[in-house]
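**Q** What follows is data_25.cif, made up of mmCIF, C-alpha atoms:
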data_entry
#
loop_
_atom_site.label_atom_id
_atom_site.label_comp_id
_atom_site.auth_asym_id
_atom_site.auth_seq_id
_atom_site.Cartn_x
_atom_site.Cartn_y
_atom_site.Cartn_z
CA MET A 1 13.64 -7.79 13.25
CA ALA A 2 14.35 -8.71 16.85
CA THR A 3 13.22 -11.34 19.31
CA SER A 4 10.38 -10.70 21.73
CA ALA A 5 12.85 -10.45 24.62
CA GLN A 6 15.00 -7.91 22.74
CA LEU A 7 12.01 -5.74 21.87
CA ARG A 8 10.71 -5.87 25.43
CA LYS A 9 14.08 -4.65 26.73
CA GLN A 10 14.16 -1.81 24.17
CA ILE A 11 10.65 -0.67 25.07
CA LEU A 12 11.22 -0.73 28.83
CA GLN A 13 14.46 1.25 28.36
CA GLY A 14 12.56 3.99 26.50
CA SER A 15 13.89 3.34 23.00
CA TRP A 16 10.33 3.32 21.61
CA ASP A 17 9.14 6.44 23.40
CA ALA A 18 9.06 8.61 20.26
CA ALA A 19 6.84 6.10 18.45
CA LEU A 20 4.61 5.64 21.49
CA ALA A 21 4.29 9.41 21.92
CA ALA A 22 3.18 9.74 18.28
CA LEU A 23 0.38 7.26 18.95
CA TYR A 24 -0.71 8.15 22.48
CA GLY A 25 0.76 11.55 23.42
CA ALA A 26 3.86 12.48 25.38
CA ASP A 27 2.45 12.58 28.91
CA PRO A 28 4.98 10.70 31.10
CA ALA A 29 2.28 8.68 32.85
CA VAL A 30 0.78 7.64 29.50
CA LEU A 31 4.17 6.61 28.13
CA GLN A 32 4.89 4.58 31.26
CA ARG A 33 1.57 2.75 30.92
CA GLN A 34 2.13 2.03 27.22
CA ARG A 35 5.66 0.75 27.83
CA GLY A 36 4.24 -1.68 30.35
CA ARG A 37 1.38 -2.64 28.07
CA TYR A 38 3.62 -3.43 25.10
CA ALA A 39 6.12 -5.27 27.28
CA ALA A 40 3.32 -7.37 28.76
CA ALA A 41 2.02 -8.26 25.28
CA LEU A 42 5.51 -9.40 24.24
CA GLU A 43 5.80 -11.48 27.41
CA GLN A 44 2.40 -13.08 26.77
CA PHE A 45 3.41 -13.92 23.21
CA GLU A 46 6.38 -15.85 24.59
CA LEU A 47 4.12 -17.63 27.06
CA TYR A 48 1.79 -18.93 24.32
CA PHE A 49 4.16 -19.32 21.37
CA GLY A 50 7.62 -19.73 22.86
CA PRO A 51 10.67 -17.51 23.44
CA GLY A 52 13.40 -16.59 21.00
CA ARG A 53 11.17 -15.94 17.99
CA GLN A 54 11.60 -12.99 15.64
CA VAL A 55 8.50 -10.81 16.09
CA GLN A 56 6.99 -7.53 15.04
CA VAL A 57 4.52 -5.32 16.90
CA TYR A 58 1.40 -3.77 15.36
CA SER A 59 -1.20 -1.21 16.43
CA ALA A 60 -4.71 -0.77 15.03
CA PRO A 61 -6.96 1.95 16.50
CA GLY A 62 -10.65 2.07 17.23
CA ARG A 63 -12.69 4.94 15.82
CA ALA A 64 -15.34 7.49 16.73
CA GLU A 65 -17.94 8.78 14.27
CA LEU A 66 -17.94 12.58 14.03
CA GLY A 67 -20.68 12.89 11.42
CA GLY A 68 -22.79 10.39 9.53
CA ASN A 69 -24.05 7.09 10.88
CA HIS A 70 -24.61 4.11 8.55
CA THR A 71 -24.09 6.54 5.66
CA ASP A 72 -21.24 4.38 4.36
CA HIS A 73 -23.66 1.76 3.02
CA GLN A 74 -26.26 4.34 1.99
CA GLY A 75 -24.11 6.13 -0.60
CA GLY A 76 -23.59 9.18 1.64
CA TYR A 77 -20.84 11.02 3.47
CA GLY A 78 -18.98 9.93 6.60
CA LEU A 79 -16.68 11.77 8.98
CA ALA A 80 -14.76 9.74 11.57
CA ALA A 81 -11.60 9.82 13.68
CA ALA A 82 -9.20 7.16 14.87
CA VAL A 83 -8.81 7.18 18.67
CA THR A 84 -5.90 6.44 20.99
CA LEU A 85 -7.63 3.29 22.27
CA ASP A 86 -6.12 0.61 20.08
CA LEU A 87 -5.37 -3.07 19.61
CA VAL A 88 -1.74 -4.08 19.94
CA ALA A 89 -0.59 -7.32 18.33
CA VAL A 90 2.70 -9.18 18.61
CA ALA A 91 3.15 -11.54 15.67
CA ALA A 92 5.61 -13.99 14.16
CA ARG A 93 5.34 -15.60 10.76
CA ASN A 94 5.11 -19.40 10.62
CA THR A 95 5.31 -22.01 7.85
CA ASP A 96 2.81 -24.68 8.91
CA GLY A 97 -0.29 -23.26 7.21
CA TYR A 98 -2.10 -22.19 10.39
CA VAL A 99 -2.98 -18.91 12.03
CA ARG A 100 -3.07 -18.96 15.83
CA VAL A 101 -4.32 -15.91 17.70
CA LYS A 102 -4.62 -15.53 21.46
CA SER A 103 -6.48 -12.39 22.55
CA ARG A 104 -6.30 -10.93 26.04
CA GLY A 105 -9.54 -11.43 27.93
CA PHE A 106 -10.71 -14.42 25.89
CA ASN A 107 -10.29 -17.93 27.27
CA LYS A 108 -9.56 -19.54 23.93
CA LEU A 109 -6.93 -19.77 21.23
CA ASP A 110 -8.24 -19.21 17.71
CA VAL A 111 -6.60 -21.77 15.41
CA ILE A 112 -7.36 -21.37 11.70
CA ASP A 113 -6.38 -23.98 9.11
CA LEU A 114 -5.63 -21.93 5.99
CA ALA A 115 -6.40 -24.92 3.79
CA THR A 116 -10.09 -24.36 4.64
CA ALA A 117 -11.04 -21.02 3.12
CA GLU A 118 -14.84 -21.02 3.16
CA PRO A 119 -17.03 -19.81 6.05
CA GLN A 120 -17.38 -22.55 8.66
CA ALA A 121 -20.48 -23.60 10.59
CA GLY A 122 -20.48 -22.19 14.09
CA GLU A 123 -17.82 -19.52 13.44
CA SER A 124 -20.17 -16.67 12.45
CA THR A 125 -20.03 -13.70 14.89
CA HIS A 126 -16.79 -15.06 16.41
CA SER A 127 -13.26 -13.72 15.95
CA ALA A 128 -12.22 -16.90 14.14
CA SER A 129 -14.57 -15.99 11.27
CA LEU A 130 -12.91 -12.59 10.86
CA ILE A 131 -9.46 -14.18 10.78
CA ARG A 132 -10.53 -16.79 8.24
CA GLY A 133 -12.21 -14.17 6.04
CA ILE A 134 -9.15 -11.92 5.95
CA ALA A 135 -6.82 -14.91 5.48
CA GLU A 136 -7.79 -15.80 1.92
CA GLY A 137 -4.60 -16.05 -0.12
CA PHE A 138 -2.17 -15.41 2.76
CA GLY A 139 0.17 -17.58 4.85
CA GLY A 140 0.26 -18.36 8.55
CA PHE A 141 1.38 -16.57 11.70
CA ASP A 142 1.13 -16.77 15.48
CA ALA A 143 -0.07 -13.69 17.35
CA TYR A 144 -1.02 -12.38 20.76
CA THR A 145 -3.35 -9.34 20.91
CA ALA A 146 -4.19 -6.90 23.68
CA SER A 147 -6.99 -4.43 22.93
CA ASP A 148 -7.92 -1.28 24.85
CA VAL A 149 -10.89 -0.72 22.50
CA LEU A 150 -13.74 -1.64 24.82
CA ARG A 151 -16.23 -4.14 23.40
CA GLY A 152 -19.70 -2.66 22.98
CA SER A 153 -18.41 0.89 23.41
CA GLY A 154 -19.28 2.02 19.87
CA LEU A 155 -15.58 2.56 19.09
CA SER A 156 -15.44 -0.42 16.70
CA SER A 157 -13.33 -2.99 18.49
CA SER A 158 -14.09 -5.35 15.61
CA ALA A 159 -12.53 -3.03 13.01
CA ALA A 160 -9.44 -2.64 15.20
CA PHE A 161 -9.13 -6.43 15.46
CA GLU A 162 -9.63 -6.86 11.71
CA MET A 163 -7.07 -4.19 10.85
CA GLY A 164 -4.61 -5.70 13.30
CA MET A 165 -4.87 -9.04 11.52
CA ALA A 166 -4.72 -7.48 8.05
CA SER A 167 -1.69 -5.36 8.97
CA ILE A 168 0.17 -8.46 10.14
CA TRP A 169 -0.42 -10.22 6.83
CA ASN A 170 0.40 -7.10 4.83
CA GLU A 171 3.79 -6.73 6.54
CA GLU A 172 4.79 -10.35 7.13
CA TYR A 173 4.05 -11.36 3.55
CA SER A 174 5.01 -8.05 1.87
CA THR A 175 1.73 -7.74 -0.03
CA GLY A 176 2.02 -3.97 -0.47
CA LEU A 177 -1.72 -3.37 -0.11
CA THR A 178 -2.88 0.20 0.53
CA PRO A 179 -4.87 1.13 3.67
CA ALA A 180 -8.05 1.36 1.57
CA GLU A 181 -7.43 -2.09 0.09
CA LEU A 182 -6.84 -3.57 3.55
CA ALA A 183 -10.05 -1.95 4.76
CA GLY A 184 -11.95 -3.53 1.87
CA ILE A 185 -10.62 -6.99 2.77
CA CYS A 186 -11.66 -6.47 6.38
CA GLN A 187 -15.15 -5.35 5.37
CA TYR A 188 -15.47 -8.45 3.18
CA ALA A 189 -14.52 -10.67 6.12
CA GLU A 190 -17.05 -8.95 8.38
CA ASN A 191 -19.82 -9.15 5.76
CA THR A 192 -19.23 -12.65 4.40
CA TYR A 193 -17.67 -14.60 7.27
CA PHE A 194 -18.75 -12.78 10.45
CA GLY A 195 -22.27 -12.17 9.12
CA LYS A 196 -22.56 -8.43 9.78
CA PRO A 197 -23.64 -6.26 6.79
CA SER A 198 -21.46 -3.30 7.78
CA GLY A 199 -20.26 -0.48 5.58
CA LEU A 200 -16.62 0.52 5.14
CA LEU A 201 -16.23 3.60 7.36
CA ASP A 202 -15.03 1.75 10.48
CA GLN A 203 -12.31 -0.19 8.69
CA LEU A 204 -11.22 2.83 6.63
CA THR A 205 -10.80 4.99 9.72
CA SER A 206 -8.73 2.37 11.52
CA ALA A 207 -6.62 1.77 8.41
CA VAL A 208 -5.97 5.41 7.46
CA GLY A 209 -5.81 6.96 10.95
CA GLY A 210 -6.35 10.55 12.00
CA ILE A 211 -9.62 12.22 10.98
CA ILE A 212 -11.05 11.17 7.61
CA PHE A 213 -13.86 12.33 5.36
CA ALA A 214 -15.27 9.72 2.99
CA ASP A 215 -17.73 10.04 0.11
CA PHE A 216 -19.48 6.69 -0.47
CA ALA A 217 -21.34 7.61 -3.66
CA ASP A 218 -19.41 4.66 -5.13
CA PRO A 219 -19.18 2.37 -2.07
CA ARG A 220 -16.57 0.11 -3.70
CA THR A 221 -14.13 2.97 -4.31
CA PRO A 222 -15.02 5.77 -1.87
CA LYS A 223 -13.29 9.13 -2.13
CA ILE A 224 -11.21 9.68 1.01
CA GLU A 225 -9.69 12.85 2.43
CA LYS A 226 -7.55 12.70 5.58
#
Here is the file; what I need is its structure written in the form of structure tokens.

**A**
Amino acid sequence: MATSAQLRKQILQGSWDAALAALYGADPAVLQRQRGRYAAALEQFELYFGPGRQVQVYSAPGRAELGGNHTDHQGGYGLAAAVTLDLVAVAARNTDGYVRVKSRGFNKLDVIDLATAEPQAGESTHSASLIRGIAEGFGGFDAYTASDVLRGSGLSSSAAFEMGMASIWNEEYSTGLTPAELAGICQYAENTYFGKPSGLLDQLTSAVGGIIFADFADPRTPKIEK
């Protein structure tokens, strides 16, 4: 791993261009924008959580439905695609038993005490509830997020946020969970903590990426084809 300043320098020098092109395409103007976006997220992490920390960078995409709507919780078929509008997160593991997440565009810092695992009064429908729901059994981290998945656009900004959080835990704590398992944790958080009775298609698409077909005849273990 590297510090936030070291990663920012690498990105601005073009060292990450191959990875960025795989996510967003190789158009020079697009790459320039993404370099600036990632560098800004790393700078904001330092602003909120301090410089010199070892960090990693994560991306979780939004999704568009291609066929099937609410079929994931009706035992039917779903066809969906991850999109190039994504949430980027810069994260560093901590040891104090808290998760702190600052998200671009929100005038608050979500601070979650991991010693309190149950849903909390007043957190339903807020990002803190999603973090707490995914957090069961994991340790703490500090993170800054910047999402291009527009809220209310139908591209599932909530699934992108959930998968961003789950991906951080999966990597930082080496849990080895599969994309489908991470998606299931995120759905649980959205159902139980956030209070939205959603199916699994949004989280699966963000977790797996590309275009996926899913058969939800058994909604707990859907059959997935990428």

**Q** Since I can't run it myself right now, could you work out what the PyMOL selection byres ((chain A and resi 51-54) around 10) selects here and report it as a count of residues only?

**A** 21

**Q** Could you please determine the separation between CA of Leu12 (chain A) and CA of Arg35 (chain A) in Å, to one decimal place?

**A**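 These two atoms are separated by 5.8 Å.
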
**Q** Given the file above and the PyMOL selection byres ((chain A and resi 203-219) around 6), which residues are selected, and can you give them as an mmCIF file with C-alpha atoms, in the frame of the given file?

**A**
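Final output, saved to out_10.cif:
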data_model
loop_
_atom_site.group_PDB
_atom_site.id
_atom_site.type_symbol
_atom_site.label_atom_id
_atom_site.label_comp_id
_atom_site.auth_asym_id
_atom_site.auth_seq_id
_atom_site.Cartn_x
_atom_site.Cartn_y
_atom_site.Cartn_z
ATOM 1 C CA PRO A 61 -6.960 1.950 16.500
ATOM 2 C CA ASP A 72 -21.240 4.380 4.360
ATOM 3 C CA GLY A 75 -24.110 6.130 -0.600
ATOM 4 C CA GLY A 76 -23.590 9.180 1.640
ATOM 5 C CA TYR A 77 -20.840 11.020 3.470
ATOM 6 C CA GLY A 78 -18.980 9.930 6.600
ATOM 7 C CA LEU A 79 -16.680 11.770 8.980
ATOM 8 C CA ALA A 80 -14.760 9.740 11.570
ATOM 9 C CA ALA A 81 -11.600 9.820 13.680
ATOM 10 C CA ALA A 82 -9.200 7.160 14.870
ATOM 11 C CA ALA A 159 -12.530 -3.030 13.010
ATOM 12 C CA PRO A 179 -4.870 1.130 3.670
ATOM 13 C CA ALA A 183 -10.050 -1.950 4.760
ATOM 14 C CA LEU A 200 -16.620 0.520 5.140
ATOM 15 C CA LEU A 201 -16.230 3.600 7.360
ATOM 16 C CA ASP A 202 -15.030 1.750 10.480
ATOM 17 C CA ARG A 220 -16.570 0.110 -3.700
ATOM 18 C CA THR A 221 -14.130 2.970 -4.310
ATOM 19 C CA PRO A 222 -15.020 5.770 -1.870
ATOM 20 C CA LYS A 223 -13.290 9.130 -2.130
ATOM 21 C CA ILE A 224 -11.210 9.680 1.010
ATOM 22 C CA GLU A 225 -9.690 12.850 2.430
ATOM 23 C CA LYS A 226 -7.550 12.700 5.580
#

**Q** Could you spell out the hits of the PyMOL selection byres ((chain A and resi 139) around 9) on the shown file, as JSON, numbers by chain?

**A** {"A": [93, 94, 95, 96, 97, 98, 99, 114, 135, 136, 137, 138, 140, 141, 169, 172, 173]}

**Q** Return the single residue from A:Gly152, A:Asp27, A:Gln32, A:Ser174 that is closest to Ile11 (chain A), with distances computed using all atoms listed in the file.

**A**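 Looking at the shortest contact to Ile11 (chain A), the residue is A:Gln32.
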
**Q** Separation of CA of Leu20 (chain A) and CA of Gln34 (chain A), in Å?

**A**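 Atom-to-atom, CA of Leu20 (chain A) and CA of Gln34 (chain A) are spaced 7.2 Å apart.
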
**Q** Separation of CA of Ser167 (chain A) and CA of Ala180 (chain A), in Å?

**A**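 Value for the CA of Ser167 (chain A)-CA of Ala180 (chain A) distance: 11.8 Å.
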
**Q** Since the input is missing atoms, can you rebuild N, CA, C and O atoms for region 145-156 of chain A and write them as a short mmCIF file (atom, residue, chain, number, x, y, z; two decimals), keeping the file's coordinate frame?

**A**
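File produced: rebuild-v2.cif:
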data_model
loop_
_atom_site.label_atom_id
_atom_site.label_comp_id
_atom_site.auth_asym_id
_atom_site.auth_seq_id
_atom_site.Cartn_x
_atom_site.Cartn_y
_atom_site.Cartn_z
N THR A 145 -2.78 -10.69 21.01
CA THR A 145 -3.35 -9.34 20.91
C THR A 145 -3.82 -8.85 22.27
O THR A 145 -4.28 -9.63 23.10
N ALA A 146 -3.70 -7.55 22.48
CA ALA A 146 -4.19 -6.90 23.68
C ALA A 146 -4.90 -5.62 23.25
O ALA A 146 -4.25 -4.70 22.74
N SER A 147 -6.21 -5.57 23.43
CA SER A 147 -6.99 -4.43 22.93
C SER A 147 -7.50 -3.57 24.08
O SER A 147 -8.03 -4.08 25.07
N ASP A 148 -7.32 -2.25 23.94
CA ASP A 148 -7.92 -1.28 24.85
C ASP A 148 -9.22 -0.72 24.29
O ASP A 148 -9.83 0.15 24.91
N VAL A 149 -9.63 -1.18 23.10
CA VAL A 149 -10.89 -0.72 22.50
C VAL A 149 -12.01 -1.53 23.14
O VAL A 149 -12.18 -2.72 22.84
N LEU A 150 -12.75 -0.92 24.02
CA LEU A 150 -13.74 -1.64 24.82
C LEU A 150 -14.84 -2.22 23.94
O LEU A 150 -15.41 -1.53 23.09
N ARG A 151 -15.15 -3.49 24.14
CA ARG A 151 -16.23 -4.14 23.40
C ARG A 151 -17.57 -3.50 23.77
O ARG A 151 -17.84 -3.23 24.92
N GLY A 152 -18.39 -3.25 22.75
CA GLY A 152 -19.70 -2.66 22.98
C GLY A 152 -19.68 -1.18 23.27
O GLY A 152 -20.70 -0.60 23.63
N SER A 153 -18.54 -0.54 23.09
CA SER A 153 -18.41 0.89 23.41
C SER A 153 -18.80 1.79 22.24
O SER A 153 -18.88 3.01 22.39
N GLY A 154 -19.00 1.21 21.06
CA GLY A 154 -19.28 2.02 19.87
C GLY A 154 -18.02 2.55 19.21
O GLY A 154 -18.11 3.38 18.30
N LEU A 155 -16.84 2.09 19.65
CA LEU A 155 -15.58 2.56 19.09
C LEU A 155 -14.99 1.56 18.10
O LEU A 155 -13.84 1.68 17.69
N SER A 156 -15.77 0.56 17.73
CA SER A 156 -15.44 -0.42 16.70
C SER A 156 -14.23 -1.27 17.06
O SER A 156 -13.20 -1.24 16.38
#
